[in-house]
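Novice: Following this message is one structure expressed as structure tokens.
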Amino acid sequence: MATDKNDSDKEIQSITEIDKIIHEPARLLIMANLYVVDSMDFIFLKNQTQLTWGNLSSHISKLETAGYVNVDKSYKGKKPHTMLSLTEEGRTAFLNYRKKMKQVLDEI
Amino acid sequence: MDKDADLKNLEKRAYKSTFEDGLWDLFLGMIISGFGIAWIGDLMSLPGTLGTIIILLPWNVISILIFTLGKKYITIPRMGIVKFGKRRKRQRLVLIILLALNVFFALVMLILFSFGTFEDLDLSGVFFALIIGLLIITVPLMILGIALQFYRLYIIAILGGMCFFFSELWYPLVGSPFDMLLSFGLIGGCFIVLGLIFLFRFIHKYPKPTEEVVDGN
């Protein structure tokens with residue numbers, strides 16, 4: 001009985017350790033897309049994720065606030081241009097998230 | 001491992017999407033069809049090789065301009081910009097080295113040919129045309145196709161490389177300049193049409209985004 005309770009506690013602990021910022025599907029999609037490249041601009045990410053620009057923009061803001069995404073705003077001629085990339089912290093967080101999710105799914 | 005494969009597929013999908021615009025097909029189609037229209041130099045009474053260069057040079061410049069301006073003004077505003085990781089950069093370096101080796105090899109072959117080295121081999125015109133086409137068109141384009149993981153390029157490489165061979169086959173039947181027109185012109189033209197179809201599909205699939213999207217605000 002004691003072992004069962006310990007196992008159950010472990011599972012609950014693993015689940016609570018999941019990074020909730022990344023766990024949201026749209027943000028996970030953004031993180032995964034940014035993880036596989038050096039950087040991409042807002043339009044490319046929008047095309048890859050098929051999210052609306054408002055949705056994408058709000059999720060990017062959350063990821064930027066968490067320190068996971070680097071947002072580099074500049075001008076190309078007279079037009080504004082936004083390049084996005086994962087920070088080192090973001091890359092580590094994404095890898096940890098994957099590891100943690102695998103662990104949780106294995107435990108269930 | 002499966003999850004790693006999924007991430008690789010995600011990167012591959014992003015990478016492959018950069019070829020959706022059809023500009024590579026259009027560009028290579030124009031380069032190949034250039035050989036098919038080089039005979040216009042004869043019609044204009046331009047001297048042999050110089051006439052070919054006078055026709056081919058501006059045609060190739062136009063092809064390069066269409067490709068670069070198309071990327072700049074059609075593809076990038078619609079699709080956006082992506083910078084891939086170190087693996088792709090290494091691949092590009094390997095590609096440049098392989099292409100340089102291929103150019104060197106082709107030059108050596110050309111020098112050997114001009115000194116009559118292959119005369120003893122007694123190759124027929126058709127067979128020789130096949131070898132030349134494979135060496136100067138098929139091999140470099142195949143290398144490019146493998147390195148870029150751009151699989152349509154294999155078809156362009158094979159058919160483009162066989163143009164010399166086809167022109168040799170056509171020559172006894174239709175004579176010059178229709179042999180070149182029916183080989184290089186026709187095959188190059190097919191790729192131009194294919195490129196245009198891809199380009200129109202691309203423009204339809206990726207409409208020009210609004211200012212807010214460009215800005216990301």
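Chain lettering (A, B, ...) mirrors the order of the structure tokens, residue numbering begins at 1 for each chain separately, and ligand numbering begins at 1 in order of display.
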Got a sec: who's within 9 Å of B:Tyr15, counting only C-alpha atoms, leaving out chain neighbours fewer than 3 positions off, as number ranges by chain?
Specialist: B: 10-12, 18-19, 82, 84, 148-149
Novice: Write out, as JSON lines, each residue of chain A that has an atom at most 10 Å from chain B, together with the closest pair of atoms and their distance in Å to one decimal, counting only C-alpha atoms, rows going by chain and rising number.
Specialist:
```
{"residue": "A:Ala32", "atom": "CA", "partner": "B:Leu7", "partner_atom": "CA", "distance": 7.2}
{"residue": "A:Asn33", "atom": "CA", "partner": "B:Leu10", "partner_atom": "CA", "distance": 6.9}
{"residue": "A:Leu34", "atom": "CA", "partner": "B:Glu11", "partner_atom": "CA", "distance": 9.2}
{"residue": "A:Tyr35", "atom": "CA", "partner": "B:Leu7", "partner_atom": "CA", "distance": 8.4}
{"residue": "A:Val36", "atom": "CA", "partner": "B:Glu11", "partner_atom": "CA", "distance": 5.4}
{"residue": "A:Val37", "atom": "CA", "partner": "B:Phe84", "partner_atom": "CA", "distance": 4.6}
{"residue": "A:Asp38", "atom": "CA", "partner": "B:Gly85", "partner_atom": "CA", "distance": 5.0}
{"residue": "A:Ser39", "atom": "CA", "partner": "B:Lys83", "partner_atom": "CA", "distance": 5.2}
{"residue": "A:Met40", "atom": "CA", "partner": "B:Val82", "partner_atom": "CA", "distance": 4.1}
{"residue": "A:Asp41", "atom": "CA", "partner": "B:Ile81", "partner_atom": "CA", "distance": 5.4}
{"residue": "A:Phe42", "atom": "CA", "partner": "B:Gly216", "partner_atom": "CA", "distance": 5.9}
{"residue": "A:Ile43", "atom": "CA", "partner": "B:Gly80", "partner_atom": "CA", "distance": 4.8}
{"residue": "A:Phe44", "atom": "CA", "partner": "B:Gly80", "partner_atom": "CA", "distance": 4.4}
{"residue": "A:Leu45", "atom": "CA", "partner": "B:Gly80", "partner_atom": "CA", "distance": 8.0}
{"residue": "A:Lys46", "atom": "CA", "partner": "B:Val213", "partner_atom": "CA", "distance": 8.3}
{"residue": "A:Asn47", "atom": "CA", "partner": "B:Met79", "partner_atom": "CA", "distance": 6.9}
{"residue": "A:Gln48", "atom": "CA", "partner": "B:Ala14", "partner_atom": "CA", "distance": 7.0}
{"residue": "A:Thr52", "atom": "CA", "partner": "B:Val213", "partner_atom": "CA", "distance": 9.1}
{"residue": "A:Trp53", "atom": "CA", "partner": "B:Val213", "partner_atom": "CA", "distance": 5.9}
{"residue": "A:Gly54", "atom": "CA", "partner": "B:Asn217", "partner_atom": "CA", "distance": 7.9}
{"residue": "A:Leu56", "atom": "CA", "partner": "B:Gly216", "partner_atom": "CA", "distance": 8.3}
{"residue": "A:Ser57", "atom": "CA", "partner": "B:Gly216", "partner_atom": "CA", "distance": 6.0}
{"residue": "A:Ser58", "atom": "CA", "partner": "B:Asn217", "partner_atom": "CA", "distance": 8.7}
{"residue": "A:Ile60", "atom": "CA", "partner": "B:Gly216", "partner_atom": "CA", "distance": 9.1}
{"residue": "A:Ser61", "atom": "CA", "partner": "B:Asn217", "partner_atom": "CA", "distance": 9.5}
{"residue": "A:Val71", "atom": "CA", "partner": "B:Gly216", "partner_atom": "CA", "distance": 9.6}
{"residue": "A:Lys73", "atom": "CA", "partner": "B:Asp215", "partner_atom": "CA", "distance": 7.9}
{"residue": "A:Ser74", "atom": "CA", "partner": "B:Asp215", "partner_atom": "CA", "distance": 9.0}
{"residue": "A:Tyr75", "atom": "CA", "partner": "B:Asp215", "partner_atom": "CA", "distance": 9.1}
{"residue": "A:Lys79", "atom": "CA", "partner": "B:Asp215", "partner_atom": "CA", "distance": 7.8}
{"residue": "A:Pro80", "atom": "CA", "partner": "B:Asp215", "partner_atom": "CA", "distance": 5.1}
{"residue": "A:His81", "atom": "CA", "partner": "B:Asp215", "partner_atom": "CA", "distance": 5.4}
{"residue": "A:Thr82", "atom": "CA", "partner": "B:Asp215", "partner_atom": "CA", "distance": 5.9}
{"residue": "A:Met83", "atom": "CA", "partner": "B:Ile81", "partner_atom": "CA", "distance": 8.3}
{"residue": "A:Leu84", "atom": "CA", "partner": "B:Val82", "partner_atom": "CA", "distance": 9.4}
{"residue": "A:Ser85", "atom": "CA", "partner": "B:Lys83", "partner_atom": "CA", "distance": 9.7}
{"residue": "A:Arg98", "atom": "CA", "partner": "B:Lys3", "partner_atom": "CA", "distance": 8.6}
{"residue": "A:Lys102", "atom": "CA", "partner": "B:Lys3", "partner_atom": "CA", "distance": 9.6}
```
Novice: Need to verify the contact set: stretch 177-182 of chain B, 12 Å, only C-alpha atoms, exclusion of same-chain residues closer than 4 positions in sequence. Can you return it as a ChimeraX atom specification?
Specialist: /B:32-43,162-173,186-190
Novice: Considering only C-alpha atoms, can you say which of B:Gly185, B:Gly51, B:Gly160, B:Gly22 comes closest to B:Ile203?
Specialist: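 For B:Ile203, the nearest of the given residues is B:Gly22.
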Novice: Identify, on the basis of only C-alpha atoms, every residue whose closest approach to B:Ile143 does not exceed 10 Å; exclude the query and any residue fewer than 5 positions from it along the same chain; express the result as a PyMOL selection string.
Specialist: chain B and resi 94-96+98-99+102+138+148-149+153-154+157
Novice: Mind writing the picked residues with N, CA and C atoms as a PDB file, in the first residue's frame?
Specialist:
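Saved the output as part08.pdb:
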```pdb
ATOM      1  N   VAL B  94      29.477  21.597 -48.064  1.00  0.00           N
ATOM      2  CA  VAL B  94      29.784  20.359 -48.800  1.00  0.00           C
ATOM      3  C   VAL B  94      29.320  20.502 -50.248  1.00  0.00           C
ATOM      4  N   LEU B  95      28.141  21.094 -50.416  1.00  0.00           N
ATOM      5  CA  LEU B  95      27.588  21.306 -51.754  1.00  0.00           C
ATOM      6  C   LEU B  95      28.522  22.169 -52.600  1.00  0.00           C
ATOM      7  N   ILE B  96      29.006  23.256 -52.019  1.00  0.00           N
ATOM      8  CA  ILE B  96      29.902  24.156 -52.756  1.00  0.00           C
ATOM      9  C   ILE B  96      31.179  23.422 -53.160  1.00  0.00           C
ATOM     10  N   LEU B  98      31.587  20.145 -53.578  1.00  0.00           N
ATOM     11  CA  LEU B  98      31.267  19.143 -54.612  1.00  0.00           C
ATOM     12  C   LEU B  98      31.053  19.791 -55.971  1.00  0.00           C
ATOM     13  N   LEU B  99      30.362  20.936 -55.975  1.00  0.00           N
ATOM     14  CA  LEU B  99      30.121  21.625 -57.249  1.00  0.00           C
ATOM     15  C   LEU B  99      31.426  22.150 -57.837  1.00  0.00           C
ATOM     16  N   ASN B 102      33.143  19.353 -59.380  1.00  0.00           N
ATOM     17  CA  ASN B 102      32.480  18.993 -60.633  1.00  0.00           C
ATOM     18  C   ASN B 102      32.882  19.937 -61.764  1.00  0.00           C
ATOM     19  N   THR B 138      23.633  16.742 -65.635  1.00  0.00           N
ATOM     20  CA  THR B 138      22.998  15.807 -64.693  1.00  0.00           C
ATOM     21  C   THR B 138      23.733  15.721 -63.358  1.00  0.00           C
ATOM     22  N   LEU B 148      20.158  19.943 -51.486  1.00  0.00           N
ATOM     23  CA  LEU B 148      19.026  20.793 -51.121  1.00  0.00           C
ATOM     24  C   LEU B 148      17.803  19.976 -50.702  1.00  0.00           C
ATOM     25  N   GLN B 149      17.881  18.654 -50.874  1.00  0.00           N
ATOM     26  CA  GLN B 149      16.732  17.758 -50.644  1.00  0.00           C
ATOM     27  C   GLN B 149      15.524  18.260 -51.443  1.00  0.00           C
ATOM     28  N   LEU B 153      14.350  18.325 -58.599  1.00  0.00           N
ATOM     29  CA  LEU B 153      15.585  18.630 -59.322  1.00  0.00           C
ATOM     30  C   LEU B 153      16.177  17.380 -59.985  1.00  0.00           C
ATOM     31  N   TYR B 154      15.881  16.197 -59.441  1.00  0.00           N
ATOM     32  CA  TYR B 154      16.377  14.954 -60.045  1.00  0.00           C
ATOM     33  C   TYR B 154      15.827  14.810 -61.468  1.00  0.00           C
ATOM     34  N   ALA B 157      17.446  17.289 -63.630  1.00  0.00           N
ATOM     35  CA  ALA B 157      18.834  16.874 -63.876  1.00  0.00           C
ATOM     36  C   ALA B 157      18.894  15.811 -64.969  1.00  0.00           C
TER      37      ALA B 157
END
```
Novice: Using only C-alpha atoms, which protein or nucleic acid residues come within 6 Å of stretch 87-96 of chain A? Drop anything in the same chain fewer than 3 positions from it, and give the result as JSON, numbers by chain.
Specialist: {"A": [68, 69, 70, 99, 100]}
Novice: Store the residues picked out above in a file with all heavy atoms, as a short mmCIF file (atom, residue, chain, number, x, y, z; two decimals), in the first residue's frame.
Specialist:
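New file selection34.cif:
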```
data_model
loop_
_atom_site.label_atom_id
_atom_site.label_comp_id
_atom_site.auth_asym_id
_atom_site.auth_seq_id
_atom_site.Cartn_x
_atom_site.Cartn_y
_atom_site.Cartn_z
N TYR A 68 11.83 32.67 -23.01
CA TYR A 68 12.07 31.53 -23.90
C TYR A 68 12.33 31.97 -25.36
O TYR A 68 12.98 31.25 -26.12
CB TYR A 68 10.88 30.56 -23.89
CG TYR A 68 10.70 29.83 -22.59
CD1 TYR A 68 9.54 29.10 -22.34
CD2 TYR A 68 11.68 29.85 -21.60
CE1 TYR A 68 9.36 28.41 -21.15
CE2 TYR A 68 11.50 29.18 -20.41
CZ TYR A 68 10.35 28.46 -20.18
OH TYR A 68 10.18 27.79 -19.01
N VAL A 69 11.74 33.08 -25.73
CA VAL A 69 11.85 33.53 -27.12
C VAL A 69 12.47 34.92 -27.18
O VAL A 69 12.15 35.80 -26.39
CB VAL A 69 10.45 33.52 -27.80
CG1 VAL A 69 10.49 34.24 -29.14
CG2 VAL A 69 9.95 32.11 -28.01
N ASN A 70 13.38 35.05 -28.13
CA ASN A 70 14.01 36.33 -28.36
C ASN A 70 13.30 37.02 -29.54
O ASN A 70 13.19 36.43 -30.62
CB ASN A 70 15.49 36.10 -28.67
CG ASN A 70 16.25 37.38 -28.82
OD1 ASN A 70 15.99 38.34 -28.09
ND2 ASN A 70 17.17 37.40 -29.75
N LYS A 99 11.48 15.80 -22.15
CA LYS A 99 11.93 14.73 -21.26
C LYS A 99 10.86 14.43 -20.19
O LYS A 99 10.51 13.29 -19.93
CB LYS A 99 13.24 15.17 -20.58
CG LYS A 99 14.16 14.01 -20.26
CD LYS A 99 15.60 14.43 -20.11
CE LYS A 99 15.87 15.31 -18.94
NZ LYS A 99 17.29 15.70 -18.79
N LYS A 100 10.36 15.51 -19.64
CA LYS A 100 9.36 15.40 -18.57
C LYS A 100 8.08 14.73 -19.10
O LYS A 100 7.51 13.86 -18.44
CB LYS A 100 9.08 16.79 -18.01
CG LYS A 100 8.25 16.85 -16.76
CD LYS A 100 8.83 16.14 -15.58
CE LYS A 100 10.06 16.81 -14.97
NZ LYS A 100 10.61 16.00 -13.86
#
```
Novice: Please, what distance in Å, to one decimal, runs between atom CA of B:Pro140 and atom CA of B:Phe105?
Specialist: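 These atoms are spaced 10.8 Å apart.
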Novice: Which value, in Å to one decimal, gives the distance between atom CA of B:Leu134 and atom CA of B:Gly29?
Specialist: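 Atom CA of B:Gly29 lies at a distance of 16.6 Å from atom CA of B:Leu134.
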Novice: Can you measure atom CA of B:Phe202 to atom CA of A:Arg27 for me? One decimal in Å is fine.
Specialist: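 Computing the Euclidean distance for atom CA of B:Phe202 and atom CA of A:Arg27 yields 26.7 Å.
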Novice: Counting only C-alpha atoms, what is within 12 Å of B:Ile97, bar same-chain residues fewer than 4 positions away, as a PyMOL selection string?
Specialist: chain B and resi 90-93+101-104+140+143-144+147
Novice: Output all heavy atoms of each residue in that selection to a file, as a JSON list (two decimals), in the first residue's frame.
Specialist:
```json
[["chain", "number", "residue", "atom", "x", "y", "z"],
["B", 90, "ARG", "N", 26.49, 23.33, -42.89],
["B", 90, "ARG", "CA", 27.53, 22.35, -43.26],
["B", 90, "ARG", "C", 27.20, 21.72, -44.61],
["B", 90, "ARG", "O", 28.07, 21.56, -45.46],
["B", 90, "ARG", "CB", 27.63, 21.26, -42.19],
["B", 90, "ARG", "CG", 28.57, 21.60, -41.04],
["B", 90, "ARG", "CD", 28.98, 20.33, -40.30],
["B", 90, "ARG", "NE", 27.85, 19.57, -39.80],
["B", 90, "ARG", "CZ", 27.26, 19.78, -38.64],
["B", 90, "ARG", "NH1", 27.71, 20.72, -37.84],
["B", 90, "ARG", "NH2", 26.23, 19.06, -38.24],
["B", 91, "GLN", "N", 25.91, 21.39, -44.79],
["B", 91, "GLN", "CA", 25.47, 20.80, -46.06],
["B", 91, "GLN", "C", 25.79, 21.74, -47.22],
["B", 91, "GLN", "O", 26.23, 21.31, -48.28],
["B", 91, "GLN", "CB", 23.97, 20.57, -46.02],
["B", 91, "GLN", "CG", 23.58, 19.21, -45.53],
["B", 91, "GLN", "CD", 22.08, 19.01, -45.56],
["B", 91, "GLN", "OE1", 21.32, 19.91, -45.89],
["B", 91, "GLN", "NE2", 21.64, 17.83, -45.18],
["B", 92, "ARG", "N", 25.55, 23.03, -47.01],
["B", 92, "ARG", "CA", 25.79, 24.02, -48.06],
["B", 92, "ARG", "C", 27.28, 24.07, -48.42],
["B", 92, "ARG", "O", 27.64, 24.15, -49.59],
["B", 92, "ARG", "CB", 25.30, 25.39, -47.59],
["B", 92, "ARG", "CG", 25.36, 26.43, -48.68],
["B", 92, "ARG", "CD", 24.66, 27.69, -48.29],
["B", 92, "ARG", "NE", 23.21, 27.51, -48.28],
["B", 92, "ARG", "CZ", 22.36, 28.50, -48.11],
["B", 92, "ARG", "NH1", 22.80, 29.71, -47.92],
["B", 92, "ARG", "NH2", 21.07, 28.29, -48.14],
["B", 93, "LEU", "N", 28.14, 23.96, -47.39],
["B", 93, "LEU", "CA", 29.59, 23.97, -47.62],
["B", 93, "LEU", "C", 30.01, 22.76, -48.43],
["B", 93, "LEU", "O", 30.78, 22.87, -49.40],
["B", 93, "LEU", "CB", 30.32, 24.01, -46.26],
["B", 93, "LEU", "CG", 31.83, 24.16, -46.33],
["B", 93, "LEU", "CD1", 32.20, 25.56, -46.83],
["B", 93, "LEU", "CD2", 32.46, 23.93, -44.96],
["B", 101, "LEU", "N", 34.36, 20.82, -57.39],
["B", 101, "LEU", "CA", 35.05, 19.64, -57.93],
["B", 101, "LEU", "C", 34.48, 19.24, -59.28],
["B", 101, "LEU", "O", 35.21, 18.87, -60.19],
["B", 101, "LEU", "CB", 34.93, 18.46, -56.94],
["B", 101, "LEU", "CG", 35.84, 18.50, -55.71],
["B", 101, "LEU", "CD1", 35.50, 17.38, -54.75],
["B", 101, "LEU", "CD2", 37.31, 18.39, -56.13],
["B", 102, "ASN", "N", 33.14, 19.35, -59.38],
["B", 102, "ASN", "CA", 32.48, 18.99, -60.63],
["B", 102, "ASN", "C", 32.88, 19.94, -61.76],
["B", 102, "ASN", "O", 33.14, 19.51, -62.89],
["B", 102, "ASN", "CB", 30.97, 19.00, -60.44],
["B", 102, "ASN", "CG", 30.26, 18.53, -61.68],
["B", 102, "ASN", "OD1", 29.77, 19.34, -62.44],
["B", 102, "ASN", "ND2", 30.25, 17.23, -61.91],
["B", 103, "VAL", "N", 32.96, 21.23, -61.45],
["B", 103, "VAL", "CA", 33.37, 22.23, -62.46],
["B", 103, "VAL", "C", 34.80, 21.92, -62.89],
["B", 103, "VAL", "O", 35.12, 21.91, -64.09],
["B", 103, "VAL", "CB", 33.26, 23.67, -61.89],
["B", 103, "VAL", "CG1", 33.94, 24.67, -62.80],
["B", 103, "VAL", "CG2", 31.79, 24.05, -61.70],
["B", 104, "PHE", "N", 35.67, 21.60, -61.91],
["B", 104, "PHE", "CA", 37.07, 21.27, -62.20],
["B", 104, "PHE", "C", 37.14, 20.04, -63.11],
["B", 104, "PHE", "O", 37.85, 20.04, -64.11],
["B", 104, "PHE", "CB", 37.81, 21.02, -60.88],
["B", 104, "PHE", "CG", 39.22, 20.55, -61.06],
["B", 104, "PHE", "CD1", 40.21, 21.43, -61.48],
["B", 104, "PHE", "CD2", 39.57, 19.23, -60.82],
["B", 104, "PHE", "CE1", 41.52, 21.00, -61.66],
["B", 104, "PHE", "CE2", 40.87, 18.78, -61.00],
["B", 104, "PHE", "CZ", 41.86, 19.67, -61.42],
["B", 140, "PRO", "N", 26.03, 17.78, -61.73],
["B", 140, "PRO", "CA", 25.92, 18.93, -60.80],
["B", 140, "PRO", "C", 24.51, 19.16, -60.28],
["B", 140, "PRO", "O", 24.32, 19.48, -59.11],
["B", 140, "PRO", "CB", 26.41, 20.13, -61.62],
["B", 140, "PRO", "CG", 26.52, 19.67, -63.02],
["B", 140, "PRO", "CD", 26.61, 18.20, -63.02],
["B", 143, "ILE", "N", 23.73, 16.61, -57.62],
["B", 143, "ILE", "CA", 24.40, 16.98, -56.37],
["B", 143, "ILE", "C", 23.59, 18.08, -55.67],
["B", 143, "ILE", "O", 23.32, 18.02, -54.48],
["B", 143, "ILE", "CB", 25.86, 17.47, -56.63],
["B", 143, "ILE", "CG1", 26.71, 16.32, -57.15],
["B", 143, "ILE", "CG2", 26.48, 18.06, -55.36],
["B", 143, "ILE", "CD1", 28.08, 16.73, -57.67],
["B", 144, "LEU", "N", 23.17, 19.05, -56.48],
["B", 144, "LEU", "CA", 22.37, 20.16, -55.96],
["B", 144, "LEU", "C", 21.05, 19.63, -55.35],
["B", 144, "LEU", "O", 20.64, 20.04, -54.26],
["B", 144, "LEU", "CB", 22.08, 21.14, -57.09],
["B", 144, "LEU", "CG", 21.68, 22.56, -56.73],
["B", 144, "LEU", "CD1", 22.84, 23.28, -56.06],
["B", 144, "LEU", "CD2", 21.28, 23.34, -57.98],
["B", 147, "ALA", "N", 21.78, 17.75, -52.08],
["B", 147, "ALA", "CA", 22.17, 18.68, -51.01],
["B", 147, "ALA", "C", 20.99, 19.52, -50.54],
["B", 147, "ALA", "O", 20.83, 19.78, -49.36],
["B", 147, "ALA", "CB", 23.30, 19.57, -51.49]]
```
Novice: Would you kindly return, as a PDB file with N, CA, C and O atoms, in the first residue's frame, each protein, DNA or RNA residue with an atom no farther than 9 Å from any atom of B:Ile62, considering only C-alpha atoms and excluding same-chain residues fewer than 5 positions away?
Specialist:
```
ATOM      1  N   MET B  30      14.683  27.999 -67.730  1.00  0.00           N
ATOM      2  CA  MET B  30      15.169  29.074 -68.602  1.00  0.00           C
ATOM      3  C   MET B  30      16.617  28.832 -69.038  1.00  0.00           C
ATOM      4  O   MET B  30      16.973  29.066 -70.187  1.00  0.00           O
ATOM      5  N   LEU B  57      24.183  34.936 -73.022  1.00  0.00           N
ATOM      6  CA  LEU B  57      24.555  35.758 -71.866  1.00  0.00           C
ATOM      7  C   LEU B  57      23.384  36.595 -71.338  1.00  0.00           C
ATOM      8  O   LEU B  57      23.040  36.481 -70.157  1.00  0.00           O
ATOM      9  N   PHE B  67      14.991  34.955 -61.013  1.00  0.00           N
ATOM     10  CA  PHE B  67      15.125  34.143 -59.796  1.00  0.00           C
ATOM     11  C   PHE B  67      15.330  35.022 -58.556  1.00  0.00           C
ATOM     12  O   PHE B  67      14.593  34.898 -57.577  1.00  0.00           O
TER      13      PHE B  67
END
```
Novice: Hey, what does DSSP flag as helix (DSSP H, G or I) within stretch 37-107 of chain A? Can you give it to me as a ChimeraX atom specification?
Specialist: /A:42-49,53-65,88-107
Novice: If you run DSSP on the backbone here, which positions in stretch 6-71 of chain A get strand (DSSP E)? Please write them as a PyMOL selection string.
Specialist: chain A and resi 39-41+69-71
Novice: Any chance you can output those residues with all heavy atoms as a compact mmCIF listing (two decimals), in the first residue's frame?
Specialist:
```txt
# COMPACT_ATOMS: atom_id res chain seq x y z
N SER A 39 16.57 30.81 -36.60
CA SER A 39 15.58 31.87 -36.39
C SER A 39 14.62 31.92 -37.57
O SER A 39 14.93 31.40 -38.65
CB SER A 39 16.27 33.22 -36.23
OG SER A 39 17.03 33.51 -37.37
N MET A 40 13.48 32.52 -37.37
CA MET A 40 12.54 32.75 -38.48
C MET A 40 11.77 34.02 -38.18
O MET A 40 11.69 34.44 -37.02
CB MET A 40 11.61 31.56 -38.70
CG MET A 40 10.76 31.14 -37.55
SD MET A 40 9.57 29.82 -37.98
CE MET A 40 10.56 28.37 -38.17
N ASP A 41 11.22 34.62 -39.23
CA ASP A 41 10.46 35.84 -38.97
C ASP A 41 9.00 35.50 -38.67
O ASP A 41 8.58 34.34 -38.76
CB ASP A 41 10.63 36.88 -40.08
CG ASP A 41 10.00 36.49 -41.40
OD1 ASP A 41 9.37 35.42 -41.46
OD2 ASP A 41 10.14 37.25 -42.38
N VAL A 69 11.74 33.08 -25.73
CA VAL A 69 11.85 33.53 -27.12
C VAL A 69 12.47 34.92 -27.18
O VAL A 69 12.15 35.80 -26.39
CB VAL A 69 10.45 33.52 -27.80
CG1 VAL A 69 10.49 34.24 -29.14
CG2 VAL A 69 9.95 32.11 -28.01
N ASN A 70 13.38 35.05 -28.13
CA ASN A 70 14.01 36.33 -28.36
C ASN A 70 13.30 37.02 -29.54
O ASN A 70 13.19 36.43 -30.62
CB ASN A 70 15.49 36.10 -28.67
CG ASN A 70 16.25 37.38 -28.82
OD1 ASN A 70 15.99 38.34 -28.09
ND2 ASN A 70 17.17 37.40 -29.75
N VAL A 71 12.77 38.20 -29.31
CA VAL A 71 12.06 38.94 -30.37
C VAL A 71 12.93 40.11 -30.81
O VAL A 71 13.23 41.00 -30.02
CB VAL A 71 10.69 39.45 -29.87
CG1 VAL A 71 9.97 40.22 -30.97
CG2 VAL A 71 9.83 38.29 -29.40
```
